[in-house]
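> Input file: data_11.pdb. Contents: PDB, C-alpha atoms.
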ATOM      1  CA  MET A   1     -13.008  25.721  14.563
ATOM      2  CA  ALA A   2     -13.930  22.454  16.290
ATOM      3  CA  TYR A   3     -14.960  20.978  12.947
ATOM      4  CA  ALA A   4     -11.616  21.968  11.420
ATOM      5  CA  ASP A   5      -9.905  20.242  14.332
ATOM      6  CA  ASP A   6     -11.962  17.112  13.645
ATOM      7  CA  LEU A   7     -10.812  17.105  10.024
ATOM      8  CA  GLU A   8      -7.198  17.545  11.099
ATOM      9  CA  ALA A   9      -7.575  14.620  13.499
ATOM     10  CA  VAL A  10      -8.848  12.426  10.662
ATOM     11  CA  ASN A  11      -5.870  13.446   8.523
ATOM     12  CA  ALA A  12      -3.445  12.697  11.368
ATOM     13  CA  ARG A  13      -4.937   9.235  11.718
ATOM     14  CA  LEU A  14      -4.550   8.662   7.961
ATOM     15  CA  MET A  15      -0.871   9.557   8.289
ATOM     16  CA  GLU A  16      -0.534   7.038  11.098
ATOM     17  CA  VAL A  17      -2.074   4.276   8.993
ATOM     18  CA  ALA A  18       0.140   5.184   6.019
ATOM     19  CA  ASP A  19       3.226   4.902   8.221
ATOM     20  CA  LEU A  20       2.068   1.502   9.493
ATOM     21  CA  ALA A  21       1.383   0.275   5.962
ATOM     22  CA  GLY A  22       4.873   1.392   4.984
ATOM     23  CA  SER A  23       6.633  -0.318   7.873
ATOM     24  CA  ALA A  24       4.536  -3.438   7.250
ATOM     25  CA  MET A  25       5.737  -3.780   3.656
ATOM     26  CA  PHE A  26       9.328  -3.067   4.676
ATOM     27  CA  MET A  27       9.220  -5.826   7.299
ATOM     28  CA  ALA A  28       7.383  -8.150   4.925
ATOM     29  CA  THR A  29      10.102  -7.724   2.308
ATOM     30  CA  GLN A  30      12.798  -8.459   4.867
ATOM     31  CA  SER A  31      10.947 -11.550   6.074
ATOM     32  CA  LEU A  32      10.638 -12.697   2.472
ATOM     33  CA  LEU A  33      14.286 -12.195   1.550
ATOM     34  CA  ASN A  34      15.709 -13.533   4.812
ATOM     35  CA  ALA A  35      13.209 -16.302   5.635
ATOM     36  CA  ASP A  36      12.515 -14.520   8.938
ATOM     37  CA  ASN A  37       9.419 -16.108  10.452
ATOM     38  CA  ASP A  38       9.351 -13.855  13.519
ATOM     39  CA  LEU A  39       9.311 -10.774  11.317
ATOM     40  CA  ALA A  40       6.546 -12.281   9.188
ATOM     41  CA  GLN A  41       4.467 -12.872  12.315
ATOM     42  CA  GLY A  42       5.005  -9.259  13.316
ATOM     43  CA  VAL A  43       3.668  -8.021   9.977
ATOM     44  CA  ILE A  44       0.567 -10.193  10.282
ATOM     45  CA  ALA A  45      -0.080  -8.887  13.798
ATOM     46  CA  GLN A  46       0.423  -5.289  12.657
ATOM     47  CA  ASP A  47      -2.172  -5.754   9.932
ATOM     48  CA  GLU A  48      -4.807  -6.178  12.640
ATOM     49  CA  ARG A  49      -3.867  -2.753  14.024
ATOM     50  CA  ILE A  50      -4.130  -1.232  10.543
ATOM     51  CA  ASP A  51      -7.581  -2.765  10.084
ATOM     52  CA  ILE A  52      -8.784  -1.323  13.397
ATOM     53  CA  LEU A  53      -7.475   2.179  12.659
ATOM     54  CA  ALA A  54      -8.928   2.198   9.136
ATOM     55  CA  ALA A  55     -12.323   1.156  10.491
ATOM     56  CA  GLU A  56     -12.161   3.925  13.113
ATOM     57  CA  ILE A  57     -11.403   6.502  10.414
ATOM     58  CA  GLU A  58     -14.336   5.354   8.321
ATOM     59  CA  GLU A  59     -16.697   5.455  11.299
ATOM     60  CA  ARG A  60     -15.499   8.938  12.264
ATOM     61  CA  CYS A  61     -15.948  10.268   8.740
ATOM     62  CA  VAL A  62     -19.505   8.944   8.548
ATOM     63  CA  GLU A  63     -20.223  10.453  11.956
ATOM     64  CA  LEU A  64     -18.890  13.863  10.945
ATOM     65  CA  ILE A  65     -20.946  13.833   7.767
ATOM     66  CA  SER A  66     -24.094  12.917   9.669
ATOM     67  CA  ILE A  67     -23.848  15.404  12.562
ATOM     68  CA  HIS A  68     -22.627  18.447  10.611
ATOM     69  CA  HIS A  69     -23.578  20.147   7.384
ATOM     70  CA  PRO A  70     -20.230  19.993   5.580
ATOM     71  CA  THR A  71     -19.393  22.403   2.791
ATOM     72  CA  ASP A  72     -18.485  20.975  -0.615
ATOM     73  CA  ARG A  73     -14.798  21.115   0.292
ATOM     74  CA  GLU A  74     -15.357  19.482   3.685
ATOM     75  CA  LEU A  75     -17.438  16.774   2.066
ATOM     76  CA  ARG A  76     -14.625  16.121  -0.430
ATOM     77  CA  ILE A  77     -12.228  15.758   2.484
ATOM     78  CA  LEU A  78     -14.459  13.331   4.364
ATOM     79  CA  ILE A  79     -15.457  11.191   1.385
ATOM     80  CA  GLY A  80     -11.858  11.214   0.157
ATOM     81  CA  SER A  81     -10.627  10.197   3.596
ATOM     82  CA  LEU A  82     -13.047   7.264   3.604
ATOM     83  CA  ARG A  83     -11.612   6.058   0.312
ATOM     84  CA  ILE A  84      -8.018   6.711   1.339
ATOM     85  CA  ALA A  85      -8.493   4.725   4.545
ATOM     86  CA  ALA A  86      -9.791   1.798   2.483
ATOM     87  CA  SER A  87      -6.772   1.906   0.164
ATOM     88  CA  LEU A  88      -4.316   2.111   3.060
ATOM     89  CA  GLU A  89      -6.063  -0.808   4.763
ATOM     90  CA  ARG A  90      -5.696  -2.811   1.560
ATOM     91  CA  MET A  91      -1.990  -1.922   1.402
ATOM     92  CA  GLY A  92      -1.622  -3.381   4.880
ATOM     93  CA  ASP A  93      -3.392  -6.526   3.690
ATOM     94  CA  LEU A  94      -1.004  -6.858   0.760
ATOM     95  CA  ALA A  95       2.027  -6.538   3.041
ATOM     96  CA  SER A  96       0.482  -9.238   5.201
ATOM     97  CA  HIS A  97       0.055 -11.467   2.138
ATOM     98  CA  VAL A  98       3.783 -11.143   1.415
ATOM     99  CA  ALA A  99       4.595 -12.049   5.019
ATOM    100  CA  LYS A 100       2.229 -15.032   4.950
ATOM    101  CA  GLN A 101       3.965 -16.324   1.833
ATOM    102  CA  ALA A 102       7.294 -16.128   3.666
ATOM    103  CA  ARG A 103       5.778 -17.872   6.687
ATOM    104  CA  MET A 104       4.263 -20.627   4.565
ATOM    105  CA  ARG A 105       7.634 -21.598   3.059
ATOM    106  CA  PHE A 106       9.664 -21.141   6.245
ATOM    107  CA  PRO A 107      12.421 -22.189   6.876
ATOM    108  CA  ASN A 108      13.054 -22.316   3.132
ATOM    109  CA  PRO A 109      13.520 -19.084   1.181
ATOM    110  CA  VAL A 110      10.685 -18.165  -1.178
ATOM    111  CA  VAL A 111      12.713 -16.145  -3.663
ATOM    112  CA  PRO A 112      15.370 -17.905  -5.776
ATOM    113  CA  GLN A 113      18.797 -16.355  -5.501
ATOM    114  CA  GLU A 114      18.759 -14.960  -9.046
ATOM    115  CA  LEU A 115      15.553 -12.991  -8.285
ATOM    116  CA  ARG A 116      16.598 -11.518  -4.946
ATOM    117  CA  SER A 117      17.766  -8.257  -6.496
ATOM    118  CA  THR A 118      14.435  -7.853  -8.299
ATOM    119  CA  PHE A 119      12.455  -8.229  -5.082
ATOM    120  CA  GLU A 120      14.884  -5.978  -3.254
ATOM    121  CA  GLU A 121      14.151  -3.340  -5.902
ATOM    122  CA  MET A 122      10.401  -3.893  -5.634
ATOM    123  CA  GLY A 123      10.636  -3.532  -1.870
ATOM    124  CA  ALA A 124      12.648  -0.315  -2.199
ATOM    125  CA  LEU A 125      10.125   1.089  -4.660
ATOM    126  CA  ALA A 126       7.241   0.183  -2.361
ATOM    127  CA  GLN A 127       9.016   1.997   0.468
ATOM    128  CA  ALA A 128       9.600   5.091  -1.663
ATOM    129  CA  ILE A 129       5.979   5.054  -2.805
ATOM    130  CA  VAL A 130       4.456   4.814   0.643
ATOM    131  CA  THR A 131       6.864   7.355   2.151
ATOM    132  CA  LYS A 132       5.874   9.917  -0.462
ATOM    133  CA  THR A 133       2.213   8.983  -0.127
ATOM    134  CA  ALA A 134       2.374   9.707   3.601
ATOM    135  CA  GLU A 135       4.058  13.022   2.810
ATOM    136  CA  VAL A 136       1.284  13.977   0.391
ATOM    137  CA  ILE A 137      -1.300  13.171   3.077
ATOM    138  CA  ALA A 138       0.599  15.347   5.547
ATOM    139  CA  THR A 139       1.492  18.301   3.328
ATOM    140  CA  LYS A 140      -0.927  18.087   0.356
ATOM    141  CA  ASP A 141       2.153  18.592  -1.866
ATOM    142  CA  LEU A 142       0.701  17.336  -5.131
ATOM    143  CA  THR A 143       4.013  17.594  -6.979
ATOM    144  CA  LEU A 144       4.938  14.287  -5.341
ATOM    145  CA  ALA A 145       2.134  12.575  -7.269
ATOM    146  CA  THR A 146       4.375  12.534 -10.360
ATOM    147  CA  ASP A 147       7.126  10.734  -8.444
ATOM    148  CA  ILE A 148       4.654   8.191  -7.074
ATOM    149  CA  ALA A 149       3.253   7.497 -10.543
ATOM    150  CA  GLY A 150       6.812   7.030 -11.839
ATOM    151  CA  HIS A 151       7.638   4.542  -9.086
ATOM    152  CA  ASP A 152       4.395   2.711  -9.881
ATOM    153  CA  GLU A 153       5.492   2.371 -13.502
ATOM    154  CA  ASP A 154       8.798   0.904 -12.325
ATOM    155  CA  VAL A 155       6.936  -1.663 -10.200
ATOM    156  CA  ASP A 156       4.770  -2.538 -13.211
ATOM    157  CA  ARG A 157       7.907  -3.052 -15.290
ATOM    158  CA  LEU A 158       9.397  -5.425 -12.713
ATOM    159  CA  HIS A 159       6.063  -7.236 -12.418
ATOM    160  CA  LEU A 160       6.057  -7.965 -16.160
ATOM    161  CA  GLU A 161       9.719  -8.907 -16.050
ATOM    162  CA  LEU A 162       9.026 -11.526 -13.369
ATOM    163  CA  PHE A 163       6.195 -12.965 -15.445
ATOM    164  CA  ARG A 164       8.587 -13.404 -18.356
ATOM    165  CA  VAL A 165      11.133 -15.092 -16.107
ATOM    166  CA  VAL A 166       8.776 -17.684 -14.634
ATOM    167  CA  LEU A 167       7.260 -18.434 -18.055
ATOM    168  CA  SER A 168      10.649 -18.831 -19.692
ATOM    169  CA  PRO A 169      11.706 -22.332 -20.773
ATOM    170  CA  THR A 170      14.900 -21.767 -18.780
ATOM    171  CA  TRP A 171      12.949 -21.579 -15.477
ATOM    172  CA  GLN A 172      14.352 -24.343 -13.239
ATOM    173  CA  HIS A 173      12.467 -23.960  -9.953
ATOM    174  CA  GLY A 174       9.228 -25.739 -10.745
ATOM    175  CA  VAL A 175       5.560 -24.808 -10.828
ATOM    176  CA  GLU A 176       5.150 -24.174  -7.074
ATOM    177  CA  SER A 177       7.940 -21.612  -7.037
ATOM    178  CA  ALA A 178       6.592 -19.984 -10.201
ATOM    179  CA  ILE A 179       3.211 -19.560  -8.503
ATOM    180  CA  ASP A 180       4.883 -18.074  -5.413
ATOM    181  CA  ILE A 181       6.793 -15.536  -7.486
ATOM    182  CA  THR A 182       3.740 -14.610  -9.544
ATOM    183  CA  LEU A 183       1.612 -14.034  -6.441
ATOM    184  CA  LEU A 184       4.286 -12.037  -4.659
ATOM    185  CA  SER A 185       4.891  -9.836  -7.678
ATOM    186  CA  ARG A 186       1.170  -9.194  -7.902
ATOM    187  CA  TYR A 187       1.040  -8.121  -4.245
ATOM    188  CA  TYR A 188       3.722  -5.477  -4.797
ATOM    189  CA  GLU A 189       2.050  -4.302  -7.997
ATOM    190  CA  ARG A 190      -1.329  -3.909  -6.255
ATOM    191  CA  TYR A 191       0.326  -2.154  -3.295
ATOM    192  CA  ALA A 192       1.744   0.478  -5.634
ATOM    193  CA  ASP A 193      -1.595   0.882  -7.415
ATOM    194  CA  HIS A 194      -3.364   1.623  -4.135
ATOM    195  CA  ALA A 195      -0.770   4.281  -3.328
ATOM    196  CA  VAL A 196      -1.485   5.917  -6.690
ATOM    197  CA  SER A 197      -5.200   5.782  -5.870
ATOM    198  CA  VAL A 198      -4.522   7.587  -2.581
ATOM    199  CA  THR A 199      -2.653  10.401  -4.328
ATOM    200  CA  ARG A 200      -5.433  10.784  -6.895
ATOM    201  CA  ARG A 201      -7.970  11.042  -4.080
ATOM    202  CA  LEU A 202      -5.818  13.766  -2.557
ATOM    203  CA  ILE A 203      -5.709  15.620  -5.876
ATOM    204  CA  THR A 204      -9.508  15.645  -5.856
ATOM    205  CA  ILE A 205      -9.572  16.835  -2.234
ATOM    206  CA  VAL A 206      -7.165  19.708  -2.893
ATOM    207  CA  THR A 207      -8.258  20.845  -6.371
ATOM    208  CA  GLY A 208     -11.869  19.710  -6.629
ATOM    209  CA  ASP A 209     -11.074  18.009  -9.937
ATOM    210  CA  PRO A 210     -12.930  14.732 -10.606
ATOM    211  CA  TYR A 211     -11.242  11.581  -9.310
ATOM    212  CA  VAL A 212      -9.409   9.652 -12.010
ATOM    213  CA  GLY A 213      -9.781   6.012 -11.054
ATOM    214  CA  VAL A 214      -7.155   3.300 -10.834
ATOM    215  CA  SER A 215      -7.941  -0.307 -11.746
ATOM    216  CA  LEU A 216      -7.629  -2.195  -8.441
ATOM    217  CA  THR A 217      -9.111  -5.530  -9.455
TER
END
What is this file in structure tokens?

Amino acid sequence: MAYADDLEAVNARLMEVADLAGSAMFMATQSLLNADNDLAQGVIAQDERIDILAAEIEERCVELISIHHPTDRELRILIGSLRIAASLERMGDLASHVAKQARMRFPNPVVPQELRSTFEEMGALAQAIVTKTAEVIATKDLTLATDIAGHDEDVDRLHLELFRVVLSPTWQHGVESAIDITLLSRYYERYADHAVSVTRRLITIVTGDPYVGVSLT
């Protein structure tokens, strides 16, 4: 019973990190769209908290593996939790990257007016993705994995659309702005990919099926 409680505590901590990664990207998007330096600073500070919690989860999982003799299912949970913590920590990093881009250009806006709606949509998709990811962690409701994968495809579509825009001969904002937009789009795209990786880890935990990897390079 105590071991089951330990596993539940690890899962609760994963939910906490998922919530922080979600709020971080929400605030990062707002700082980006509104040139809000204070909000950007808050995201960067929050990333330190995410890093600490993720490291604590990893240490606890290793400890539980070493001091107990976990069953196959328990080992799947602990190894999966290690990997999930790493993905959530990376999601926090990516939100911080968005905020740092906003901070770097402050007080000027990073996103040209004609692309605001695209980044608003990417931000909304990121929020939907991480909200459902946290729900899967909490409930193990694998039906949400289909929704998350669909949102990821929408982010990929917007990512490619932004590439076409900045490479178009009609682009009027210069090379520096094109680089900013390309980097930012990549951060959102990677954020969504890590959320998909989390759900696939959870599928393995629940079903025992082999993990189907996601390219996170």
> Would you mind listing what lies within 10 Å of Leu115 of chain A as a PyMOL selection string, with only C-alpha atoms counted and same-chain residues fewer than 6 positions away left out?
chain A and resi 33+162+165+181
> Deliver the residues from the most recent selection as a file, using C-alpha atoms, as a PDB file, keeping the file's coordinate frame.

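For reference, out11.pdb as written:
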ATOM      1  CA  LEU A  33      14.286 -12.195   1.550  1.00  0.00           C
ATOM      2  CA  LEU A 162       9.026 -11.526 -13.369  1.00  0.00           C
ATOM      3  CA  VAL A 165      11.133 -15.092 -16.107  1.00  0.00           C
ATOM      4  CA  ILE A 181       6.793 -15.536  -7.486  1.00  0.00           C
TER       5      ILE A 181
END
> Can you list, as a PyMOL selection string, the residues that the PyMOL selection byres ((chain A and resi 145-158) around 9) selects here?
chain A and resi 118-119+121-122+125-126+128-130+132-133+136+141-144+159-163+185+188-189+192-193+195-196+199-200+203
> Could you tell me which residues the PyMOL selection byres ((chain A and resi 177-179) around 12) grabs in this file, written as a VMD selection string?
chain A and resid 101 105 108 to 112 115 162 to 169 171 to 176 180 to 186
> Translate the PyMOL selection byres ((chain A and resi 65) around 12), as applied to the file shown, into an explicit residue set as a PyMOL selection string.
chain A and resi 3+6-7+58-64+66-72+74-79+81-82
> Atom CA of Asp19 of chain A and atom CA of Lys100 of chain A, how far apart in Å?
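One can read the atom CA of Lys100 of chain A to atom CA of Asp19 of chain A distance as 20.2 Å.
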> Go ahead and compute the interatomic distance for atom CA of Thr139 of chain A and atom CA of Ala24 of chain A, in Å to one decimal.
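It comes out at 22.3 Å.
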> How many Å separate atom CA of Leu94 of chain A from atom CA of Tyr211 of chain A?
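Going from atom CA of Leu94 of chain A over to atom CA of Tyr211 of chain A covers 23.4 Å.
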> Fewer than 4 positions away in the same chain doesn't count, so skip those; otherwise give me all residues within 7 Å of Met15 of chain A, counting all atoms listed in the file, as a list in words.
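My reading of the contact set: Asn11, Asp19, Ala134, Ile137 and Ala138 of chain A.
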> Taking into account all atoms listed in the file, which residue in the set A:Val212, A:Ile84, A:Ala124, A:Ala99 is nearest to Asp36 of chain A?
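Using all atoms listed in the file, Asp36 of chain A sits closest to A:Ala99.
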> Ranking A:Ser197, A:Thr207, A:Thr170, A:Asn37 by minimum distance to Ala102 of chain A and counting all atoms listed in the file, which one comes first?
A:Asn37
> Identify which of the residues A:Ala12, A:Val198, A:Ala55, A:Ile44 lies closest to Ser31 of chain A, counting all atoms listed in the file when measuring atom-to-atom distances.
A:Ile44
> Find the axis-aligned box for segment 97-115 of chain A, covering all its listed atoms and adding 6 Å on each side, and write its centre and edge lengths in Å to one decimal as AutoDock Vina command-line options.

--center_x 9.4 --center_y -16.7 --center_z -1.1 --size_x 30.7 --size_y 23.2 --size_z 27.9
> Taking all atoms listed in the file into account, name the residue in A:Gly80, A:Glu16, A:Gln41, A:Gln30 that is nearest to Ala54 of chain A.
A:Glu16
> With distances taken over only C-alpha atoms, which residue among A:Leu32, A:Met27, A:Ala21, A:Val10 lies nearest Thr131 of chain A?
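For Thr131 of chain A, the nearest of the candidates is A:Ala21.
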> So that I can check the surroundings of segment 47-52 of chain A, please list as a JSON list (two decimals) with C-alpha atoms, in the coordinates of the input every protein, DNA and RNA residue that reaches within 8 Å of it, counting all atoms listed in the file and ignoring chain neighbours fewer than 6 positions away.

[["chain", "number", "residue", "atom", "x", "y", "z"],
["A", 17, "VAL", "CA", -2.07, 4.28, 8.99],
["A", 20, "LEU", "CA", 2.07, 1.50, 9.49],
["A", 21, "ALA", "CA", 1.38, 0.28, 5.96],
["A", 24, "ALA", "CA", 4.54, -3.44, 7.25],
["A", 89, "GLU", "CA", -6.06, -0.81, 4.76],
["A", 92, "GLY", "CA", -1.62, -3.38, 4.88],
["A", 93, "ASP", "CA", -3.39, -6.53, 3.69],
["A", 96, "SER", "CA", 0.48, -9.24, 5.20]]
> Between A:Gly123, A:Gly208, A:Gly42, A:Gly213, which residue has the minimum interatomic distance to Gly22 of chain A, considering all atoms listed in the file?
A:Gly123
